[in-house]
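Quick notes on the structure that follows.
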Amino acid sequence: MATRVQIAFNLSANGVGSYFTLDDATKGVLDNATYKLGGDVLVDVTSKVRSVQVRRGRSRQLERFTAGNANVVLDNRDRAFDPLNTASAYYGSILPGKQVVIDRDGATMYTGAIFDWNFDYDLSNDSTAQVSAVDGLSLIAQQTRTAGTATSQLTGARVSAVLTEVGWPVAQRSISAGQATLDADVVAPDTNALAYLSQVADVSEPGAIFIGKTGLATFRDRADLQAFTSGLTFGIGGIPVQEIRVDYGAEQLANAISVTYTAGTVVAGTATADDATSQAAYGVVDKSIATFLSSSAQASALATWQLGQYKDPVYRFDAITVNLLRLSSSEAAQVLALELADVVLVTWTPNSVGSAISEYVGIEQIEHAISPDTHTVTFTLSQAALGFVLDSATFGVLDTSLLGL
């Protein structure tokens, strides 16, 4: 299994290794250079891994990002991960809250912290330890904001301010500037920090906020989401695809959009956008969006953009799955390098009948399913809102390419 799983343990908790140990004649000598203070270190437990499941992102574009999770099943027949086994090298350190890092060939796929340990034993003397981990969004979700009045600022600055308020390290961030200007809104007491950040990043921008695979609190503004920077193609002429799922329906359709903007503690106004043709064909489908935007012009632009995105049913690639073990090392590296909110191109001819279908799509969710003999990666996708680009043969087609927000 090329996939590596590391868990942070304090090996000195059970006297294992060369660590400072109180009341020990050798290891307890102050200022010695050999036996240093212990603490959590990442320990490679790959030899014990039976399977790994990772899921990060959101299941559809209209939802908000939730904490990414990982589940690792470990062989526990020797009770190495049993918290009651005093002979275990990890005794005293098999606890919730320990860091988990999962990578493959040097590419990190997940960084989080253990939420739960579960243990299964059966009469055949087989046993497993199951590690359930969540990423840093779960920590932010447990925090509340301090009541007060925000400063009118771009969304990126607002995201940074909230992260600072909840104590998220500056070095552990990747924050875009933002394109939307927010009002100096009044924050009510006990406002949930993650709900507020989602209102800023996912709704008011609209962009994406999530914890990156290396553990960075990440904000991508709408300019990022409208740029084909990955340059990666799946399907014909690109990365081989094992499975493609297509969606064509009206579950995301909306043809009567209303967007509110704020002024301190109150809603200052509402901008609307309607499409009579869509309403005649599918009925009136309302969508209301409450934002922290600071002006009617911004709210109107967002309403118009939302209408352009969702007024008609769209034939879209909903998900693709690749078998990582069947790719070249170069192809596998390109797949593992992808992150949430990246844009890729999918080209496919259903059943090899008719013309090829090409679509630019954004990555909403990334899932890894790993065992000793398999490793599949499934990307849940959304229609990419690539902005109009002058002089571009691809993104500069009049009456076809959507004007960017």
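A note on labels: chains of the structure tokens are A, B, ... as shown, every chain counts residues from 1, and ligands are counted from 1 in their shown order.
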Residues within 7 Å of A:Tyr248, please, as a ChimeraX atom specification. Count only C-alpha atoms; anything in the same chain fewer than 6 positions from it doesn't count. /A:313-316
How close does each residue of stretch 200-259 of chain A get to stretch 336-342 of chain A, giving the shortest atom pair and distance in Å to one decimal for every residue with an atom at most 9 Å away, counting only C-alpha atoms, sorted by chain and residue number, as CSV?
residue,atom,partner,partner_atom,distance
A:Gly207,CA,A:Ala341,CA,8.6
A:Ala208,CA,A:Ala341,CA,7.0
A:Phe210,CA,A:Leu340,CA,8.1
A:Gly212,CA,A:Glu339,CA,7.3
A:Lys213,CA,A:Glu339,CA,7.5
A:Arg220,CA,A:Ala341,CA,7.4
A:Asp224,CA,A:Ala341,CA,7.9
A:Leu225,CA,A:Ala341,CA,6.1
A:Ala227,CA,A:Asp342,CA,8.3
A:Phe228,CA,A:Asp342,CA,7.6
A:Thr229,CA,A:Asp342,CA,7.4
A:Ser230,CA,A:Asp342,CA,6.5
Running DSSP on the backbone, which parts of stretch 35-166 of chain A land in helix (DSSP H, G or I), as an MDAnalysis selection string? chainID A and resid 46:48 137:140 155:165
As a check of understanding: the span from atom CA of A:Ala67 to atom CA of A:Asn192 is 14.7 Å
Residues within 9 Å of A:Thr272, please, as an MDAnalysis selection string. Count only C-alpha atoms; anything in the same chain fewer than 3 positions from it doesn't count. chainID A and resid 256:260 299:300 303:304
Please identify all polymer residues within 10 Å of A:Ser160, counting only C-alpha atoms, omitting same-chain residues fewer than 5 positions from it, and present them as a ChimeraX atom specification. /A:155,165,168,170,173-177,197,217,219
Keeping only N, CA and C atoms, write those residues as a PDB file, in the first residue's frame.
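This went into out18.pdb:
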ATOM      1  N   THR A 155     -14.378  40.352   1.392  1.00  0.00           N
ATOM      2  CA  THR A 155     -14.674  39.069   2.036  1.00  0.00           C
ATOM      3  C   THR A 155     -13.425  38.383   2.573  1.00  0.00           C
ATOM      4  N   GLU A 165     -10.085  35.884  15.328  1.00  0.00           N
ATOM      5  CA  GLU A 165     -10.930  35.952  16.520  1.00  0.00           C
ATOM      6  C   GLU A 165     -11.084  34.594  17.199  1.00  0.00           C
ATOM      7  N   TRP A 168      -7.352  30.880  15.098  1.00  0.00           N
ATOM      8  CA  TRP A 168      -6.746  30.029  14.073  1.00  0.00           C
ATOM      9  C   TRP A 168      -5.396  30.623  13.668  1.00  0.00           C
ATOM     10  N   VAL A 170      -2.189  32.131  11.953  1.00  0.00           N
ATOM     11  CA  VAL A 170      -2.004  32.842  10.681  1.00  0.00           C
ATOM     12  C   VAL A 170      -1.235  31.978   9.684  1.00  0.00           C
ATOM     13  N   ARG A 173      -3.163  29.318   7.089  1.00  0.00           N
ATOM     14  CA  ARG A 173      -4.247  29.880   6.280  1.00  0.00           C
ATOM     15  C   ARG A 173      -3.809  30.043   4.818  1.00  0.00           C
ATOM     16  N   SER A 174      -4.792  29.969   3.939  1.00  0.00           N
ATOM     17  CA  SER A 174      -4.605  30.327   2.529  1.00  0.00           C
ATOM     18  C   SER A 174      -5.860  31.089   2.113  1.00  0.00           C
ATOM     19  N   ILE A 175      -5.775  32.411   2.134  1.00  0.00           N
ATOM     20  CA  ILE A 175      -6.956  33.256   2.004  1.00  0.00           C
ATOM     21  C   ILE A 175      -6.852  34.154   0.787  1.00  0.00           C
ATOM     22  N   SER A 176      -7.811  34.048  -0.133  1.00  0.00           N
ATOM     23  CA  SER A 176      -7.881  34.952  -1.274  1.00  0.00           C
ATOM     24  C   SER A 176      -8.409  36.318  -0.829  1.00  0.00           C
ATOM     25  N   ALA A 177      -8.176  37.327  -1.642  1.00  0.00           N
ATOM     26  CA  ALA A 177      -8.555  38.689  -1.264  1.00  0.00           C
ATOM     27  C   ALA A 177     -10.061  38.872  -1.164  1.00  0.00           C
ATOM     28  N   LEU A 197     -18.941  32.417   8.845  1.00  0.00           N
ATOM     29  CA  LEU A 197     -17.967  32.333   7.757  1.00  0.00           C
ATOM     30  C   LEU A 197     -18.610  31.806   6.477  1.00  0.00           C
ATOM     31  N   ALA A 217      -6.661  26.469   6.638  1.00  0.00           N
ATOM     32  CA  ALA A 217      -7.975  27.096   6.485  1.00  0.00           C
ATOM     33  C   ALA A 217      -7.945  27.872   5.175  1.00  0.00           C
ATOM     34  N   PHE A 219      -9.781  29.897   1.864  1.00  0.00           N
ATOM     35  CA  PHE A 219     -10.882  30.656   1.273  1.00  0.00           C
ATOM     36  C   PHE A 219     -10.540  30.940  -0.175  1.00  0.00           C
TER      37      PHE A 219
END
